[in-house]
$ cat start-v1.txt   # compact mmCIF, C-alpha atoms
# COMPACT_ATOMS: atom_id res chain seq x y z
CA MET A 1 0.00 0.00 0.00
CA PRO A 2 1.64 3.30 -1.05
CA THR A 3 2.35 5.86 1.66
CA PRO A 4 0.38 9.07 1.01
CA TYR A 5 2.15 12.37 1.60
CA ASP A 6 -0.80 14.09 3.25
CA ILE A 7 -4.39 13.15 4.03
CA GLU A 8 -7.09 15.57 5.12
CA PRO A 9 -8.58 14.75 8.55
CA ARG A 10 -12.05 15.00 6.98
CA LEU A 11 -11.32 11.99 4.80
CA LEU A 12 -10.09 10.01 7.78
CA ARG A 13 -13.22 10.94 9.74
CA ALA A 14 -15.39 9.71 6.87
CA PHE A 15 -13.44 6.44 6.66
CA THR A 16 -13.48 5.88 10.44
CA ALA A 17 -17.22 6.52 10.72
CA VAL A 18 -18.00 3.99 7.98
CA ALA A 19 -15.51 1.51 9.46
CA GLU A 20 -17.20 1.72 12.86
CA GLU A 21 -20.78 1.71 11.62
CA LEU A 22 -20.26 -0.62 8.61
CA HIS A 23 -23.15 1.27 7.10
CA PHE A 24 -22.87 4.36 4.89
CA THR A 25 -26.27 5.83 5.81
CA ARG A 26 -25.65 5.57 9.57
CA ALA A 27 -22.12 6.94 9.16
CA ALA A 28 -23.41 9.91 7.18
CA GLY A 29 -26.00 10.61 9.88
CA ARG A 30 -23.35 10.40 12.57
CA LEU A 31 -21.22 13.01 10.76
CA PHE A 32 -24.22 15.11 9.69
CA VAL A 33 -23.22 15.01 6.02
CA ALA A 34 -24.98 13.79 2.91
CA GLN A 35 -24.38 10.14 2.07
CA GLN A 36 -23.21 11.16 -1.41
CA ALA A 37 -20.55 13.45 0.08
CA LEU A 38 -19.44 10.73 2.48
CA SER A 39 -19.08 8.20 -0.33
CA ARG A 40 -17.11 10.75 -2.35
CA ASP A 41 -14.68 11.31 0.56
CA VAL A 42 -14.19 7.56 1.00
CA ARG A 43 -13.47 7.10 -2.71
CA ARG A 44 -11.00 9.99 -2.62
CA LEU A 45 -9.22 8.44 0.36
CA GLU A 46 -9.03 5.11 -1.47
CA ARG A 47 -7.40 6.89 -4.42
CA GLU A 48 -4.92 8.64 -2.14
CA VAL A 49 -3.81 5.46 -0.35
CA GLY A 50 -3.96 3.44 -3.55
CA ALA A 51 -6.10 0.61 -2.23
CA PRO A 52 -9.79 -0.29 -1.73
CA LEU A 53 -10.78 0.09 1.93
CA PHE A 54 -14.27 -1.44 1.90
CA LEU A 55 -16.01 -4.40 0.33
CA ARG A 56 -19.48 -3.17 -0.67
CA THR A 57 -22.45 -5.33 -1.55
CA THR A 58 -26.16 -4.57 -1.64
CA ARG A 59 -26.50 -6.14 1.82
CA GLN A 60 -23.39 -5.26 3.78
CA VAL A 61 -20.21 -3.22 4.07
CA ALA A 62 -16.98 -4.81 5.33
CA LEU A 63 -13.41 -3.63 5.73
CA THR A 64 -10.78 -4.96 3.35
CA PRO A 65 -7.41 -6.06 4.80
CA ASP A 66 -6.03 -2.63 3.85
CA GLY A 67 -8.99 -1.00 5.58
CA GLU A 68 -8.30 -3.02 8.72
CA ARG A 69 -4.66 -1.95 8.50
CA LEU A 70 -5.52 1.73 8.10
CA LEU A 71 -8.13 1.98 10.88
CA PRO A 72 -5.84 2.15 13.96
CA TYR A 73 -3.61 4.71 12.22
CA ALA A 74 -6.63 6.83 11.27
CA ARG A 75 -7.89 6.79 14.85
CA ARG A 76 -4.51 7.90 16.20
CA VAL A 77 -4.27 10.74 13.67
CA LEU A 78 -7.78 11.96 14.53
CA ASP A 79 -7.10 11.77 18.26
CA ALA A 80 -3.91 13.83 17.78
CA HIS A 81 -5.76 16.31 15.58
CA ASP A 82 -8.50 16.76 18.22
CA ALA A 83 -5.92 17.12 21.01
CA LEU A 84 -4.10 19.79 19.00
CA ARG A 85 -7.35 21.69 18.51
CA ASP A 86 -8.10 21.56 22.24
CA ALA A 87 -4.56 22.61 23.24
CA PHE A 88 -4.63 25.85 21.26
CA ARG A 89 -8.03 27.24 22.14
CA THR A 90 -7.61 30.91 23.02
CA GLU A 91 -9.88 30.55 26.04
CA THR A 92 -11.36 27.74 28.05
CA ARG A 93 -14.77 26.94 26.62
CA PRO A 94 -17.64 25.45 28.64
CA LEU A 95 -17.59 21.69 29.17
CA LEU A 96 -20.83 20.15 27.86
CA VAL A 97 -21.85 17.27 30.12
CA ASP A 98 -24.70 14.87 29.34
CA LEU A 99 -26.59 13.66 32.43
CA ASN A 100 -28.99 11.41 30.48
CA THR A 101 -32.02 12.03 32.71
CA PRO A 102 -32.60 14.70 35.38
CA GLY A 103 -32.55 13.42 38.95
CA LEU A 104 -29.98 10.62 38.64
CA VAL A 105 -26.74 10.41 40.68
CA GLN A 106 -24.92 12.06 37.78
CA ASP A 107 -26.50 15.33 38.95
CA ARG A 108 -24.54 15.06 42.19
CA VAL A 109 -21.28 14.45 40.35
CA LEU A 110 -21.83 17.58 38.28
CA ARG A 111 -22.72 19.68 41.33
CA ARG A 112 -19.57 18.55 43.14
CA ALA A 113 -17.42 19.28 40.06
CA ARG A 114 -18.80 22.82 39.98
CA GLU A 115 -17.80 23.20 43.64
CA LEU A 116 -14.29 21.93 42.93
CA ALA A 117 -13.80 24.23 39.93
CA PRO A 118 -16.07 27.29 40.40
CA GLU A 119 -14.10 29.23 37.77
CA GLN A 120 -15.04 26.67 35.09
CA GLU A 121 -18.34 26.45 33.24
CA LEU A 122 -19.89 22.97 33.22
CA MET A 123 -23.10 22.95 31.20
CA ALA A 124 -25.67 20.17 31.62
CA ARG A 125 -27.25 18.44 28.64
CA PHE A 126 -29.79 15.61 28.56
CA GLU A 127 -29.34 12.96 25.86
CA SER A 128 -31.28 9.69 25.78
CA GLY A 129 -28.74 6.91 26.07
CA LEU A 130 -24.96 6.57 26.01
CA THR A 131 -24.76 5.31 22.42
CA GLY A 132 -26.44 8.49 21.19
CA ALA A 133 -24.33 10.63 23.52
CA ALA A 134 -21.11 8.91 22.38
CA GLN A 135 -21.84 9.82 18.77
CA GLU A 136 -22.44 13.41 19.86
CA ILE A 137 -19.11 13.36 21.75
CA LEU A 138 -17.20 12.12 18.71
CA ALA A 139 -18.89 14.76 16.54
CA GLY A 140 -17.77 17.51 18.96
CA ARG A 141 -21.25 18.46 20.19
CA LEU A 142 -20.79 16.98 23.67
CA ASP A 143 -17.73 16.51 25.88
CA ALA A 144 -18.71 13.90 28.46
CA SER A 145 -21.56 11.59 29.37
CA PHE A 146 -22.50 8.78 31.76
CA GLY A 147 -23.73 5.26 31.11
CA ARG A 148 -22.89 1.67 30.34
CA TYR A 149 -19.53 1.97 28.60
CA GLY A 150 -19.26 -1.81 28.14
CA GLY A 151 -22.48 -1.79 26.12
CA LEU A 152 -21.04 0.47 23.42
CA ALA A 153 -19.88 -0.96 20.12
CA PRO A 154 -16.12 -1.72 20.15
CA GLY A 155 -15.53 0.92 17.48
CA LEU A 156 -17.01 3.58 19.74
CA ARG A 157 -15.12 2.40 22.82
CA ALA A 158 -11.84 2.59 20.87
CA ARG A 159 -12.26 6.38 20.53
CA LEU A 160 -13.44 7.07 24.07
CA ASP A 161 -11.94 7.06 27.55
CA ALA A 162 -13.92 6.02 30.61
CA GLN A 163 -13.76 6.10 34.39
CA PHE A 164 -15.92 3.57 36.21
CA LEU A 165 -18.29 5.34 38.61
CA ARG A 166 -20.93 3.13 40.14
CA TYR A 167 -22.79 -0.15 40.27
CA GLU A 168 -26.36 1.15 39.92
CA PRO A 169 -29.02 -1.25 41.30
CA MET A 170 -31.85 -1.76 38.86
CA ALA A 171 -35.57 -1.37 39.45
CA VAL A 172 -38.92 -1.71 37.74
CA ILE A 173 -41.51 1.02 37.19
CA LEU A 174 -45.04 -0.34 37.60
CA PRO A 175 -48.52 1.15 37.22
CA GLU A 176 -49.63 1.94 40.76
CA ASP A 177 -52.48 -0.63 40.52
CA HIS A 178 -50.22 -3.43 39.18
CA PRO A 179 -50.41 -6.67 41.25
CA LEU A 180 -46.72 -6.32 42.17
CA ALA A 181 -46.91 -2.63 43.08
CA GLY A 182 -47.64 -3.38 46.74
CA LEU A 183 -44.34 -5.19 47.24
CA PRO A 184 -41.44 -3.18 48.73
CA GLU A 185 -39.08 -5.08 46.41
CA VAL A 186 -39.82 -7.19 43.35
CA PRO A 187 -38.03 -10.54 42.99
CA LEU A 188 -36.98 -11.12 39.39
CA GLY A 189 -38.82 -14.43 39.40
CA ARG A 190 -42.14 -12.62 39.97
CA LEU A 191 -41.72 -10.89 36.59
CA ALA A 192 -41.84 -14.17 34.66
CA GLY A 193 -44.50 -13.87 31.97
CA GLU A 194 -44.37 -10.06 32.04
CA ARG A 195 -43.36 -7.93 29.07
CA LEU A 196 -41.01 -5.09 30.11
CA TYR A 197 -40.10 -1.99 28.15
CA ALA A 198 -36.33 -1.42 27.91
CA GLY A 199 -35.88 0.95 24.99
CA ALA A 200 -36.16 -1.60 22.18
CA GLY A 201 -35.99 0.15 18.83
CA ASN A 202 -34.41 3.35 20.20
CA ASP A 203 -31.12 3.70 18.32
CA ARG A 204 -29.73 5.97 21.04
CA THR A 205 -30.05 3.35 23.82
CA PRO A 206 -29.03 -0.08 22.45
CA GLU A 207 -26.63 -0.53 25.38
CA TRP A 208 -29.64 -0.44 27.76
CA THR A 209 -31.73 -2.82 25.65
CA ASP A 210 -28.78 -5.22 25.47
CA LEU A 211 -28.47 -5.15 29.27
CA ALA A 212 -32.17 -6.03 29.56
CA VAL A 213 -31.91 -8.89 27.07
CA ARG A 214 -29.03 -10.39 29.06
CA LEU A 215 -30.91 -9.98 32.34
CA PHE A 216 -34.19 -11.45 31.03
CA GLU A 217 -32.57 -14.49 29.38
CA GLY A 218 -33.73 -17.73 30.97
CA ARG A 219 -36.09 -15.96 33.38
CA GLY A 220 -39.28 -15.99 31.29
CA ILE A 221 -39.33 -12.19 31.03
CA ARG A 222 -40.09 -10.80 27.59
CA LEU A 223 -38.89 -7.57 26.02
CA SER A 224 -41.61 -5.10 25.06
CA PRO A 225 -41.60 -4.43 21.29
CA PRO A 226 -40.20 -1.17 19.85
CA ALA A 227 -42.28 1.90 20.63
CA PRO A 228 -41.81 5.66 20.24
CA LEU A 229 -39.84 7.19 23.10
CA ALA A 230 -42.11 8.92 25.62
CA VAL A 231 -40.62 12.34 26.40
CA GLY A 232 -41.83 14.11 29.54
CA LYS A 233 -43.85 12.97 32.54
CA GLU A 234 -47.24 13.49 30.92
CA GLU A 235 -46.37 11.38 27.89
CA PHE A 236 -44.81 8.71 30.11
CA GLN A 237 -47.97 8.56 32.22
CA ARG A 238 -50.20 8.38 29.13
CA ILE A 239 -48.20 5.55 27.53
CA MET A 240 -48.01 3.65 30.83
CA ALA A 241 -51.79 3.93 31.29
CA LYS A 242 -52.43 2.79 27.71
CA HIS A 243 -50.01 -0.14 27.41
CA ARG A 244 -49.35 -0.97 31.09
CA HIS A 245 -45.98 -2.54 30.35
CA PRO A 246 -43.61 -2.35 33.32
CA VAL A 247 -40.45 -0.37 32.55
CA LEU A 248 -36.90 -1.41 33.41
CA ALA A 249 -35.13 1.42 35.26
CA VAL A 250 -32.57 2.10 38.01
CA VAL A 251 -33.29 2.78 41.69
CA GLY A 252 -32.47 6.47 41.34
CA PHE A 253 -34.97 7.09 38.55
CA PRO A 254 -37.14 10.14 39.32
CA PRO A 255 -40.79 9.59 40.35
CA MET A 256 -43.39 9.33 37.61
CA PRO A 257 -47.10 10.17 38.08
CA GLY A 258 -49.39 7.18 38.45
CA CYS A 259 -46.46 4.78 38.88
CA VAL A 260 -44.34 3.21 41.59
CA LEU A 261 -40.62 2.37 41.47
CA ARG A 262 -39.60 -0.93 43.06
CA PRO A 263 -36.04 -2.28 43.44
CA LEU A 264 -35.35 -5.66 41.82
CA VAL A 265 -33.94 -8.46 43.99
CA ASP A 266 -33.06 -12.16 44.00
CA PRO A 267 -30.56 -11.36 42.56
CA VAL A 268 -30.01 -7.59 42.61
CA PRO A 269 -29.27 -6.70 38.95
CA LEU A 270 -26.69 -3.97 38.45
CA SER A 271 -26.27 -1.40 35.73
CA PRO A 272 -22.57 -0.43 35.51
CA VAL A 273 -22.21 3.34 35.10
CA SER A 274 -19.06 5.09 33.86
CA LEU A 275 -18.05 8.65 33.09
CA VAL A 276 -17.15 8.72 29.39
CA TRP A 277 -15.34 11.33 27.28
CA ARG A 278 -13.49 11.59 23.97
CA LYS A 279 -10.03 10.05 24.00
CA GLY A 280 -7.35 12.74 24.21
CA LEU A 281 -9.66 15.49 25.53
CA ARG A 282 -7.85 17.94 27.82
CA HIS A 283 -9.97 20.39 29.83
CA PRO A 284 -9.70 21.62 33.44
CA ALA A 285 -13.43 21.13 33.92
CA LEU A 286 -13.07 17.49 32.87
CA ASP A 287 -10.37 17.12 35.52
CA ALA A 288 -12.83 18.49 38.09
CA LEU A 289 -15.58 16.15 36.86
CA ARG A 290 -13.28 13.13 37.17
CA ALA A 291 -12.15 14.20 40.64
CA ALA A 292 -15.77 14.66 41.74
CA ALA A 293 -16.72 11.22 40.38
CA ALA A 294 -13.82 9.55 42.19
CA GLU A 295 -14.54 11.38 45.44
CA LEU A 296 -18.22 10.48 45.57
CA ALA A 297 -17.63 6.90 44.47
CA GLU A 298 -15.07 6.40 47.24
CA ARG A 299 -17.02 8.19 49.95
CA GLU A 300 -20.35 6.49 49.27
CA GLY A 301 -19.13 3.01 48.37
CA TRP A 302 -20.36 3.12 44.78
CA LEU A 303 -17.57 0.78 43.64
CA ALA A 304 -18.53 -2.01 46.07
CA ARG A 305 -20.52 -4.69 44.31
CA PRO A 306 -23.26 -6.13 46.57
CA ALA A 307 -22.90 -9.82 47.37
CA GLY A 308 -25.09 -12.08 45.23
CA SER A 309 -25.76 -9.40 42.64
CA TRP A 310 -26.05 -9.87 38.87
CA LEU A 311 -23.84 -8.26 36.23
CA PRO A 312 -23.28 -9.28 32.59
CA GLU A 313 -20.38 -11.69 32.40
CA GLY A 314 -17.11 -10.12 31.25
CA GLU A 315 -18.55 -6.61 31.20
CA PRO A 316 -15.92 -4.27 29.64
CA GLY A 317 -15.01 -1.18 31.63
CA THR A 318 -15.82 -2.58 35.09
CA PRO A 319 -13.27 -3.42 37.80
CA PRO A 320 -11.57 -6.75 37.01
CA ALA A 321 -12.71 -8.45 40.21
CA PRO A 322 -15.90 -7.60 42.13
CA LEU A 323 -15.44 -6.57 45.74
CA THR A 324 -16.84 -8.99 48.27
CA GLY A 325 -18.29 -6.46 50.66
CA SER A 326 -21.84 -5.22 50.43
CA GLY A 327 -21.92 -1.62 49.28
CA PRO A 328 -24.78 0.84 49.49
CA ALA A 329 -27.65 -0.15 47.24
CA GLY A 330 -29.23 3.26 46.89

$ encode --input "start-v1.txt" --output "structure tokens"
Amino acid sequence: MPTPYDIEPRLLRAFTAVAEELHFTRAAGRLFVAQQALSRDVRRLEREVGAPLFLRTTRQVALTPDGERLLPYARRVLDAHDALRDAFRTETRPLLVDLNTPGLVQDRVLRRARELAPEQELMARFESGLTGAAQEILAGRLDASFGRYGGLAPGLRARLDAQFLRYEPMAVILPEDHPLAGLPEVPLGRLAGERLYAGAGNDRTPEWTDLAVRLFEGRGIRLSPPAPLAVGKEEFQRIMAKHRHPVLAVVGFPPMPGCVLRPLVDPVPLSPVSLVWRKGLRHPALDALRAAAAELAEREGWLARPAGSWLPEGEPGTPPAPLTGSGPAG
């Protein structure tokens, strides 16, 4: 493969997006460009390196051996390019931090970071799911987010850094007149035969749906079919009243009208939460956010995995060996 003298970062971004998505339409959406322009950039890059980078059929896109060879180099060049851009900003810009949903423990991390670095501006954003937020981070429209890092596609994880924050106990949201609503805790076995909503069909939250699929396997719990995302308490209440499907959540999920939140037990399922940011990002507010996350996790025992709990086997981004002590569950 000939060595090109110079390659525009835009071409490498186009190539990397297609390589990670293996789909030209999704890659174009991720970069907010027209698919025709994306294809043109990929063809130009192939001409510059002197080799085909993708095998294209009507059904799938796959990397060629030369594409596989180029990908790690392209990622390193883009990381260096982004780091250079960050290093020479004339002034410190605000850090845009996605909290996913108002009222979760991430709010406390952000508040503590603002206390640690009052001279910095940390701006809250609310995306729906870490997969969607990760794409926003890589596109430069977000700086950091929280969620299940191990549930991201490997191509996304390769361009992100993460700091494990918390084992978040999971819960179920039930209509207040549901037969299980009177229980203080809901054993997983009591959900057999139920159909639970866990974001199926939402392309911004596949990491959450995947966690649900793994949890439900072998327990007789079914996944609710894809449905439009209910935004806001009124819409949530209306959809819950109409369909009455319990909703998989975490114990810290904010209250919803007409519903009750009940922790899941026997075993206690855990959602692993990490702070996630773009690889190579340098920002004093990010330093404060990381320090706040570490401080709260240590002080409140968020890193202690409760005995007898459930976690997906081999979950990337979690501590290599679970602690044996029982940590706080709330």

$ residues_around --input "start-v1.txt" --residues "region 51-55 of chain A" --least-positions-apart "6" --cutoff "12 Å" --atoms "all atoms listed in the file" --output "MDAnalysis selection string"
chainID A and resid 1:4 12 14:16 18:20 22:24 39 41:45 61:71

$ write_last_selection --input "start-v1.txt" --atoms "C-alpha atoms" --output "PDB file, in the frame of the given file"
ATOM      1  CA  MET A   1       0.000   0.000   0.000  1.00  0.00           C
ATOM      2  CA  PRO A   2       1.640   3.300  -1.050  1.00  0.00           C
ATOM      3  CA  THR A   3       2.350   5.860   1.660  1.00  0.00           C
ATOM      4  CA  PRO A   4       0.380   9.070   1.010  1.00  0.00           C
ATOM      5  CA  LEU A  12     -10.090  10.010   7.780  1.00  0.00           C
ATOM      6  CA  ALA A  14     -15.390   9.710   6.870  1.00  0.00           C
ATOM      7  CA  PHE A  15     -13.440   6.440   6.660  1.00  0.00           C
ATOM      8  CA  THR A  16     -13.480   5.880  10.440  1.00  0.00           C
ATOM      9  CA  VAL A  18     -18.000   3.990   7.980  1.00  0.00           C
ATOM     10  CA  ALA A  19     -15.510   1.510   9.460  1.00  0.00           C
ATOM     11  CA  GLU A  20     -17.200   1.720  12.860  1.00  0.00           C
ATOM     12  CA  LEU A  22     -20.260  -0.620   8.610  1.00  0.00           C
ATOM     13  CA  HIS A  23     -23.150   1.270   7.100  1.00  0.00           C
ATOM     14  CA  PHE A  24     -22.870   4.360   4.890  1.00  0.00           C
ATOM     15  CA  SER A  39     -19.080   8.200  -0.330  1.00  0.00           C
ATOM     16  CA  ASP A  41     -14.680  11.310   0.560  1.00  0.00           C
ATOM     17  CA  VAL A  42     -14.190   7.560   1.000  1.00  0.00           C
ATOM     18  CA  ARG A  43     -13.470   7.100  -2.710  1.00  0.00           C
ATOM     19  CA  ARG A  44     -11.000   9.990  -2.620  1.00  0.00           C
ATOM     20  CA  LEU A  45      -9.220   8.440   0.360  1.00  0.00           C
ATOM     21  CA  VAL A  61     -20.210  -3.220   4.070  1.00  0.00           C
ATOM     22  CA  ALA A  62     -16.980  -4.810   5.330  1.00  0.00           C
ATOM     23  CA  LEU A  63     -13.410  -3.630   5.730  1.00  0.00           C
ATOM     24  CA  THR A  64     -10.780  -4.960   3.350  1.00  0.00           C
ATOM     25  CA  PRO A  65      -7.410  -6.060   4.800  1.00  0.00           C
ATOM     26  CA  ASP A  66      -6.030  -2.630   3.850  1.00  0.00           C
ATOM     27  CA  GLY A  67      -8.990  -1.000   5.580  1.00  0.00           C
ATOM     28  CA  GLU A  68      -8.300  -3.020   8.720  1.00  0.00           C
ATOM     29  CA  ARG A  69      -4.660  -1.950   8.500  1.00  0.00           C
ATOM     30  CA  LEU A  70      -5.520   1.730   8.100  1.00  0.00           C
ATOM     31  CA  LEU A  71      -8.130   1.980  10.880  1.00  0.00           C
TER      32      LEU A  71
END

$ closest_residue --input "start-v1.txt" --among "A:Leu289, A:Ala297, A:Leu211, A:Leu188" --to "Glu115 (chain A)" --atoms "all atoms listed in the file"
A:Leu289

$ closest_residue --input "start-v1.txt" --among "A:Ala83, A:Leu248, A:Val97, A:Leu78" --to "Ala285 (chain A)" --atoms "all atoms listed in the file"
A:Val97

$ closest_residue --input "start-v1.txt" --among "A:Arg214, A:Arg290, A:Arg40, A:Arg75" --to "Phe146 (chain A)" --atoms "all atoms listed in the file"
A:Arg290

$ closest_residue --input "start-v1.txt" --among "A:Pro225, A:Pro269, A:Gly140, A:Gly280" --to "Leu311 (chain A)" --atoms "only C-alpha atoms"
A:Pro269

$ residues_around --input "start-v1.txt" --residues "Leu261 (chain A)" --least-positions-apart "5" --cutoff "9 Å" --atoms "all atoms listed in the file" --output "PyMOL selection string"
chain A and resi 171-174+181+249-251+253-256

$ atom_distance --input "start-v1.txt" --atom1 "CA of Ser309 (chain A)" --atom2 "CA of Phe164 (chain A)"
17.5 Å

$ closest_residue --input "start-v1.txt" --among "A:Arg190, A:Arg305, A:Arg195, A:His283" --to "Leu122 (chain A)" --atoms "all atoms listed in the file"
A:His283

$ atom_distance --input "start-v1.txt" --atom1 "CA of Asp177 (chain A)" --atom2 "CA of Ser224 (chain A)"
19.4 Å

$ closest_residue --input "start-v1.txt" --among "A:Ala133, A:Leu281, A:Leu223, A:Met170" --to "Gly252 (chain A)" --atoms "all atoms listed in the file"
A:Met170

$ axis_aligned_box --input "start-v1.txt" --around "region 7-15 of chain A" --padding-each-side "4 Å" --output "JSON"
{"center_x": -9.9, "center_y": 11.0, "center_z": 6.9, "size_x": 19.0, "size_y": 17.1, "size_z": 13.7}

$ atom_distance --input "start-v1.txt" --atom1 "CA of Leu165 (chain A)" --atom2 "CA of Arg299 (chain A)"
11.8 Å

$ residues_near_point --input "start-v1.txt" --point "(-13.9, 0.4, 16.7)" --cutoff "10 Å" --atoms "only C-alpha atoms" --output "ChimeraX atom specification"
/A:16-17,19-21,71-72,75,152-160
